[in-house]
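Participant: Can you keep this structure in mind? I'll have questions shortly.
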Amino acid sequence: MIKVIKEGIILQKTTNEFENEGVMNPAAIRDGSLIHLFYRAVRQGNFSTIGYCRLSSPLVVEERSDEPLLSPEFDYECKGLEDPRIVKIEDLYYLSYTAYDGVNALGALAVSEDLIHFQKKGVIVPQITYEEFFHLTRKEKTAVQKELCYNEHARVMENGEIQPLVWDKNLIFFPRKIHNKLCFLHRIKPDIQILVAISNLDKLTDAFWQDYFLHFSEKIVLSPKYAHESSYIGGGCPPIETMAGWLIIYHGVRDTKEGYIYAACAALLDLNDPTKEIARLSYPLFVPEFSWEKRGEVNNVCFPTGAVVFNDTLFIYYGAADEQVACASMSLTELIRELLQHPTTKDAK
């Protein structure tokens, strides 16, 4: 098994109003020796914005803003901006996040040239009702049956002013174009990550998504496979390019008598065709084990969302019990070597 070092807590909530309930699930990007973290900041009442801090090294916070970097401006995000991820593609930074309007949770995007000024592009995942989803995927009974089990709106209070849509979260871009196309992952429960490849964002039209759902089962990259991810899985950190393939750090969830347990997991996708799974660990990369991971706003949560590499060390930043930001580290070489000991068979997808 891969040796994982739990480096401990990096960020805690403060008395600042915008983050007095919790901090979690940060996006991370390396800039030379510096690391920029964009984290979900939660104020009392479960209202989220995106906070910012800069690290001088993987474990040392050098500067932290005392106000949100990004806050709700539009109706689609009026109740919060959650769980950011960030990559740089060519000369532009892509910061994706979950926009929440009180009923719907959908992947949205903001872009920047300098990590200071961001332009919001709005929701870029499909905005589709359950009725439309079931109609388009009616020939794929498995997809419909799965989605019926994960109707997020069963636990959301009715709001007559907002139409319930299929929740589509964990919007994550690949850090470079593949075959000259932008690629991103997104997640409709319970399967991870459905891959999209487009020449530009303008291609994400209603017609595009209708055709997409007509071939829905072909778009699924990873599905729950092992016991530690038996309930559902979802995207975590942006893909990391290695000689062996795209390293995917994702979260796996299983239901227990104590409730859901969120663990960090790892897989490899093909470099040239990321729809192909090469390998996947048959055990979780790391799980909640310390008090600050087991007890918090949501118990038993390790939720990885950001990662950076220094030399051969992979640092993974994650939300701990939906209350704090923590970090785990490991050898990237050892992780890849271990993954290659767990190859995916052709019929396993």
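Residues in the structure tokens are numbered from 1 in each chain, the chains being A, B, ... in the order shown, and ligands are numbered from 1 in the order shown.
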Using DSSP secondary structure from the backbone, list all strand (DSSP E) positions within stretch 38-174 of chain A, as an MDAnalysis selection string.

Facilitator: chainID A and resid 38:43 47:57 60:64 80:89 92:100 105:112 118:123 169:173

Participant: Can you write just those residues out, C-alpha atoms, as a PDB file, in the first residue's frame?

Facilitator:
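Output file again.pdb follows:
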```pdb
ATOM      1  CA  PHE A  38      -9.240  29.210  -3.314  1.00  0.00           C
ATOM      2  CA  TYR A  39     -11.415  27.659  -0.652  1.00  0.00           C
ATOM      3  CA  ARG A  40     -15.080  27.328   0.169  1.00  0.00           C
ATOM      4  CA  ALA A  41     -15.821  29.679   3.056  1.00  0.00           C
ATOM      5  CA  VAL A  42     -19.080  29.098   4.930  1.00  0.00           C
ATOM      6  CA  ARG A  43     -20.821  31.572   7.190  1.00  0.00           C
ATOM      7  CA  PHE A  47     -24.021  30.378   2.945  1.00  0.00           C
ATOM      8  CA  SER A  48     -20.836  29.889   0.911  1.00  0.00           C
ATOM      9  CA  THR A  49     -18.383  32.207  -0.816  1.00  0.00           C
ATOM     10  CA  ILE A  50     -14.867  31.606  -2.129  1.00  0.00           C
ATOM     11  CA  GLY A  51     -12.006  32.748   0.077  1.00  0.00           C
ATOM     12  CA  TYR A  52      -8.342  33.104  -0.822  1.00  0.00           C
ATOM     13  CA  CYS A  53      -4.963  32.496   0.756  1.00  0.00           C
ATOM     14  CA  ARG A  54      -1.393  32.165  -0.499  1.00  0.00           C
ATOM     15  CA  LEU A  55       1.101  29.573   0.716  1.00  0.00           C
ATOM     16  CA  SER A  56       4.858  30.150   0.671  1.00  0.00           C
ATOM     17  CA  SER A  57       5.389  26.390   0.696  1.00  0.00           C
ATOM     18  CA  VAL A  60       2.795  27.322   5.285  1.00  0.00           C
ATOM     19  CA  VAL A  61       0.156  30.026   4.879  1.00  0.00           C
ATOM     20  CA  GLU A  62       1.843  33.302   3.970  1.00  0.00           C
ATOM     21  CA  GLU A  63      -1.143  35.565   3.362  1.00  0.00           C
ATOM     22  CA  ARG A  64      -4.897  35.196   3.808  1.00  0.00           C
ATOM     23  CA  GLY A  80     -23.655  30.184  -2.485  1.00  0.00           C
ATOM     24  CA  LEU A  81     -20.471  29.360  -4.402  1.00  0.00           C
ATOM     25  CA  GLU A  82     -19.126  25.967  -3.375  1.00  0.00           C
ATOM     26  CA  ASP A  83     -16.173  23.609  -3.865  1.00  0.00           C
ATOM     27  CA  PRO A  84     -13.902  25.410  -6.368  1.00  0.00           C
ATOM     28  CA  ARG A  85     -11.266  23.770  -8.575  1.00  0.00           C
ATOM     29  CA  ILE A  86      -8.703  25.574 -10.701  1.00  0.00           C
ATOM     30  CA  VAL A  87      -6.390  24.894 -13.656  1.00  0.00           C
ATOM     31  CA  LYS A  88      -4.407  27.013 -16.088  1.00  0.00           C
ATOM     32  CA  ILE A  89      -4.954  26.291 -19.773  1.00  0.00           C
ATOM     33  CA  LEU A  92      -6.102  31.586 -18.892  1.00  0.00           C
ATOM     34  CA  TYR A  93      -7.069  30.328 -15.443  1.00  0.00           C
ATOM     35  CA  TYR A  94     -10.284  28.300 -15.251  1.00  0.00           C
ATOM     36  CA  LEU A  95     -11.900  28.343 -11.807  1.00  0.00           C
ATOM     37  CA  SER A  96     -14.920  26.055 -11.699  1.00  0.00           C
ATOM     38  CA  TYR A  97     -17.325  25.825  -8.782  1.00  0.00           C
ATOM     39  CA  THR A  98     -20.776  24.655  -7.784  1.00  0.00           C
ATOM     40  CA  ALA A  99     -23.387  27.394  -8.000  1.00  0.00           C
ATOM     41  CA  TYR A 100     -26.312  26.962  -5.603  1.00  0.00           C
ATOM     42  CA  ALA A 105     -26.543  22.816  -7.501  1.00  0.00           C
ATOM     43  CA  LEU A 106     -24.826  23.192 -10.878  1.00  0.00           C
ATOM     44  CA  GLY A 107     -21.286  23.561 -12.221  1.00  0.00           C
ATOM     45  CA  ALA A 108     -20.304  27.129 -13.080  1.00  0.00           C
ATOM     46  CA  LEU A 109     -17.123  28.764 -14.359  1.00  0.00           C
ATOM     47  CA  ALA A 110     -15.096  31.926 -13.815  1.00  0.00           C
ATOM     48  CA  VAL A 111     -11.921  32.781 -15.750  1.00  0.00           C
ATOM     49  CA  SER A 112      -8.962  35.021 -15.005  1.00  0.00           C
ATOM     50  CA  PHE A 118     -12.356  36.923 -12.475  1.00  0.00           C
ATOM     51  CA  GLN A 119     -15.014  36.990 -15.163  1.00  0.00           C
ATOM     52  CA  LYS A 120     -17.972  34.730 -14.490  1.00  0.00           C
ATOM     53  CA  LYS A 121     -19.147  32.659 -17.438  1.00  0.00           C
ATOM     54  CA  GLY A 122     -22.222  31.267 -15.709  1.00  0.00           C
ATOM     55  CA  VAL A 123     -23.486  27.696 -15.456  1.00  0.00           C
ATOM     56  CA  LYS A 169     -21.583  19.017  -9.603  1.00  0.00           C
ATOM     57  CA  ASN A 170     -17.810  18.456  -9.477  1.00  0.00           C
ATOM     58  CA  LEU A 171     -17.057  20.394 -12.639  1.00  0.00           C
ATOM     59  CA  ILE A 172     -13.319  19.930 -13.238  1.00  0.00           C
ATOM     60  CA  PHE A 173     -11.234  20.930 -16.264  1.00  0.00           C
TER      61      PHE A 173
END
```

Participant: Could you find all residues in stretch 71-223 of chain A that DSSP calls alpha helix (DSSP H) from the backbone, and write them as a list in words?

Facilitator: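 Checking each residue of stretch 71-223 of chain A, the alpha helix (DSSP H) ones are Tyr130, Glu131, Glu132, Phe133, Phe134, His135, Leu136, Lys141, Thr142, Ala143, Val144, Gln145, Lys146, Glu147, Leu148, Cys149, Asp206, Ala207, Phe208, Trp209, Gln210, Asp211, Tyr212, Phe213 and Leu214 of chain A.
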
Participant: Filtering to N, CA and C atoms, could you give me those residues as a PDB file, in the first residue's frame?

Facilitator:
```pdb
ATOM      1  N   TYR A 130     -35.624  16.652 -14.443  1.00  0.00           N
ATOM      2  CA  TYR A 130     -35.611  15.200 -14.350  1.00  0.00           C
ATOM      3  C   TYR A 130     -36.478  14.581 -15.435  1.00  0.00           C
ATOM      4  N   GLU A 131     -37.584  15.212 -15.748  1.00  0.00           N
ATOM      5  CA  GLU A 131     -38.454  14.683 -16.797  1.00  0.00           C
ATOM      6  C   GLU A 131     -37.721  14.653 -18.134  1.00  0.00           C
ATOM      7  N   GLU A 132     -37.001  15.722 -18.442  1.00  0.00           N
ATOM      8  CA  GLU A 132     -36.233  15.765 -19.690  1.00  0.00           C
ATOM      9  C   GLU A 132     -35.115  14.723 -19.678  1.00  0.00           C
ATOM     10  N   PHE A 133     -34.454  14.598 -18.531  1.00  0.00           N
ATOM     11  CA  PHE A 133     -33.377  13.611 -18.404  1.00  0.00           C
ATOM     12  C   PHE A 133     -33.907  12.205 -18.651  1.00  0.00           C
ATOM     13  N   PHE A 134     -35.020  11.855 -18.011  1.00  0.00           N
ATOM     14  CA  PHE A 134     -35.576  10.517 -18.173  1.00  0.00           C
ATOM     15  C   PHE A 134     -36.037  10.279 -19.607  1.00  0.00           C
ATOM     16  N   HIS A 135     -36.570  11.309 -20.231  1.00  0.00           N
ATOM     17  CA  HIS A 135     -37.031  11.176 -21.613  1.00  0.00           C
ATOM     18  C   HIS A 135     -35.854  10.906 -22.553  1.00  0.00           C
ATOM     19  N   LEU A 136     -34.771  11.665 -22.391  1.00  0.00           N
ATOM     20  CA  LEU A 136     -33.632  11.525 -23.291  1.00  0.00           C
ATOM     21  C   LEU A 136     -32.871  10.221 -23.073  1.00  0.00           C
ATOM     22  N   LYS A 141     -31.997   2.127 -19.530  1.00  0.00           N
ATOM     23  CA  LYS A 141     -32.739   1.920 -18.297  1.00  0.00           C
ATOM     24  C   LYS A 141     -31.837   1.983 -17.068  1.00  0.00           C
ATOM     25  N   THR A 142     -30.598   1.525 -17.218  1.00  0.00           N
ATOM     26  CA  THR A 142     -29.676   1.543 -16.069  1.00  0.00           C
ATOM     27  C   THR A 142     -29.441   2.960 -15.590  1.00  0.00           C
ATOM     28  N   ALA A 143     -29.215   3.884 -16.526  1.00  0.00           N
ATOM     29  CA  ALA A 143     -28.972   5.277 -16.152  1.00  0.00           C
ATOM     30  C   ALA A 143     -30.170   5.857 -15.435  1.00  0.00           C
ATOM     31  N   VAL A 144     -31.367   5.565 -15.924  1.00  0.00           N
ATOM     32  CA  VAL A 144     -32.569   6.098 -15.307  1.00  0.00           C
ATOM     33  C   VAL A 144     -32.763   5.529 -13.914  1.00  0.00           C
ATOM     34  N   GLN A 145     -32.547   4.234 -13.753  1.00  0.00           N
ATOM     35  CA  GLN A 145     -32.714   3.605 -12.452  1.00  0.00           C
ATOM     36  C   GLN A 145     -31.737   4.166 -11.437  1.00  0.00           C
ATOM     37  N   LYS A 146     -30.496   4.366 -11.867  1.00  0.00           N
ATOM     38  CA  LYS A 146     -29.505   4.954 -10.974  1.00  0.00           C
ATOM     39  C   LYS A 146     -29.914   6.344 -10.529  1.00  0.00           C
ATOM     40  N   GLU A 147     -30.339   7.160 -11.502  1.00  0.00           N
ATOM     41  CA  GLU A 147     -30.660   8.539 -11.180  1.00  0.00           C
ATOM     42  C   GLU A 147     -31.873   8.630 -10.269  1.00  0.00           C
ATOM     43  N   LEU A 148     -32.827   7.733 -10.420  1.00  0.00           N
ATOM     44  CA  LEU A 148     -33.995   7.737  -9.543  1.00  0.00           C
ATOM     45  C   LEU A 148     -33.584   7.543  -8.085  1.00  0.00           C
ATOM     46  N   CYS A 149     -32.501   6.809  -7.866  1.00  0.00           N
ATOM     47  CA  CYS A 149     -32.027   6.553  -6.500  1.00  0.00           C
ATOM     48  C   CYS A 149     -31.314   7.758  -5.903  1.00  0.00           C
ATOM     49  N   ASP A 206     -28.040  23.848 -26.002  1.00  0.00           N
ATOM     50  CA  ASP A 206     -29.088  22.892 -25.639  1.00  0.00           C
ATOM     51  C   ASP A 206     -29.058  21.677 -26.561  1.00  0.00           C
ATOM     52  N   ALA A 207     -28.826  21.919 -27.842  1.00  0.00           N
ATOM     53  CA  ALA A 207     -28.770  20.815 -28.806  1.00  0.00           C
ATOM     54  C   ALA A 207     -27.606  19.872 -28.483  1.00  0.00           C
ATOM     55  N   PHE A 208     -26.459  20.454 -28.081  1.00  0.00           N
ATOM     56  CA  PHE A 208     -25.310  19.635 -27.702  1.00  0.00           C
ATOM     57  C   PHE A 208     -25.685  18.704 -26.558  1.00  0.00           C
ATOM     58  N   TRP A 209     -26.303  19.259 -25.513  1.00  0.00           N
ATOM     59  CA  TRP A 209     -26.621  18.458 -24.339  1.00  0.00           C
ATOM     60  C   TRP A 209     -27.714  17.443 -24.625  1.00  0.00           C
ATOM     61  N   GLN A 210     -28.667  17.753 -25.475  1.00  0.00           N
ATOM     62  CA  GLN A 210     -29.695  16.773 -25.825  1.00  0.00           C
ATOM     63  C   GLN A 210     -29.069  15.558 -26.503  1.00  0.00           C
ATOM     64  N   ASP A 211     -28.155  15.808 -27.436  1.00  0.00           N
ATOM     65  CA  ASP A 211     -27.465  14.695 -28.082  1.00  0.00           C
ATOM     66  C   ASP A 211     -26.603  13.929 -27.088  1.00  0.00           C
ATOM     67  N   TYR A 212     -25.998  14.669 -26.180  1.00  0.00           N
ATOM     68  CA  TYR A 212     -25.147  14.076 -25.140  1.00  0.00           C
ATOM     69  C   TYR A 212     -25.926  13.060 -24.318  1.00  0.00           C
ATOM     70  N   PHE A 213     -27.119  13.427 -23.884  1.00  0.00           N
ATOM     71  CA  PHE A 213     -27.905  12.538 -23.040  1.00  0.00           C
ATOM     72  C   PHE A 213     -28.512  11.373 -23.819  1.00  0.00           C
ATOM     73  N   LEU A 214     -28.646  11.521 -25.113  1.00  0.00           N
ATOM     74  CA  LEU A 214     -29.105  10.393 -25.921  1.00  0.00           C
ATOM     75  C   LEU A 214     -28.074   9.271 -25.943  1.00  0.00           C
TER      76      LEU A 214
END
```

Participant: For A:Gln44, which residue out of A:Glu73, A:His117, A:Glu297, A:Asp255 is the nearest one, using only C-alpha atoms?

Facilitator: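 Under the stated criterion, the closest residue is A:Glu297.
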
Participant: Got a sec: who's within 6 Å of stretch 249-252 of chain A, counting only C-alpha atoms, leaving out chain neighbours fewer than 2 positions off, as a PyMOL selection string?

Facilitator: chain A and resi 229+233-237+262-266

Participant: What does the distance between atom CA of A:Ile162 and atom CA of A:Lys203 come to in Å, to one decimal place?

Facilitator: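 One can read the atom CA of A:Ile162 to atom CA of A:Lys203 distance as 25.8 Å.
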
Participant: Neighbours of A:Trp246 within 6 Å (only C-alpha atoms; same-chain residues fewer than 4 positions away dropped), as a PyMOL selection string?

Facilitator: chain A and resi 239-242+268-269+271

Participant: Write out, as a CSV table (one decimal), in the first residue's frame, the residues just selected, with N, CA and C atoms.

Facilitator:
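Resulting contents of part30.csv:
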```
chain,number,residue,atom,x,y,z
A,239,PRO,N,-7.2,16.7,-12.9
A,239,PRO,CA,-6.3,15.6,-13.4
A,239,PRO,C,-4.8,16.1,-13.4
A,240,ILE,N,-3.9,15.2,-13.1
A,240,ILE,CA,-2.5,15.5,-13.1
A,240,ILE,C,-1.8,14.6,-14.1
A,241,GLU,N,-1.1,15.3,-15.1
A,241,GLU,CA,-0.5,14.6,-16.2
A,241,GLU,C,0.8,13.9,-15.7
A,242,THR,N,0.8,12.6,-16.0
A,242,THR,CA,2.0,11.8,-15.7
A,242,THR,C,2.4,11.0,-16.9
A,268,LEU,N,-6.2,6.0,-12.9
A,268,LEU,CA,-5.4,6.6,-14.0
A,268,LEU,C,-6.3,6.5,-15.3
A,269,LEU,N,-6.3,7.5,-16.1
A,269,LEU,CA,-7.0,7.6,-17.3
A,269,LEU,C,-5.9,7.7,-18.5
A,271,LEU,N,-3.8,9.0,-21.5
A,271,LEU,CA,-3.4,10.4,-21.8
A,271,LEU,C,-4.1,10.9,-23.1
```
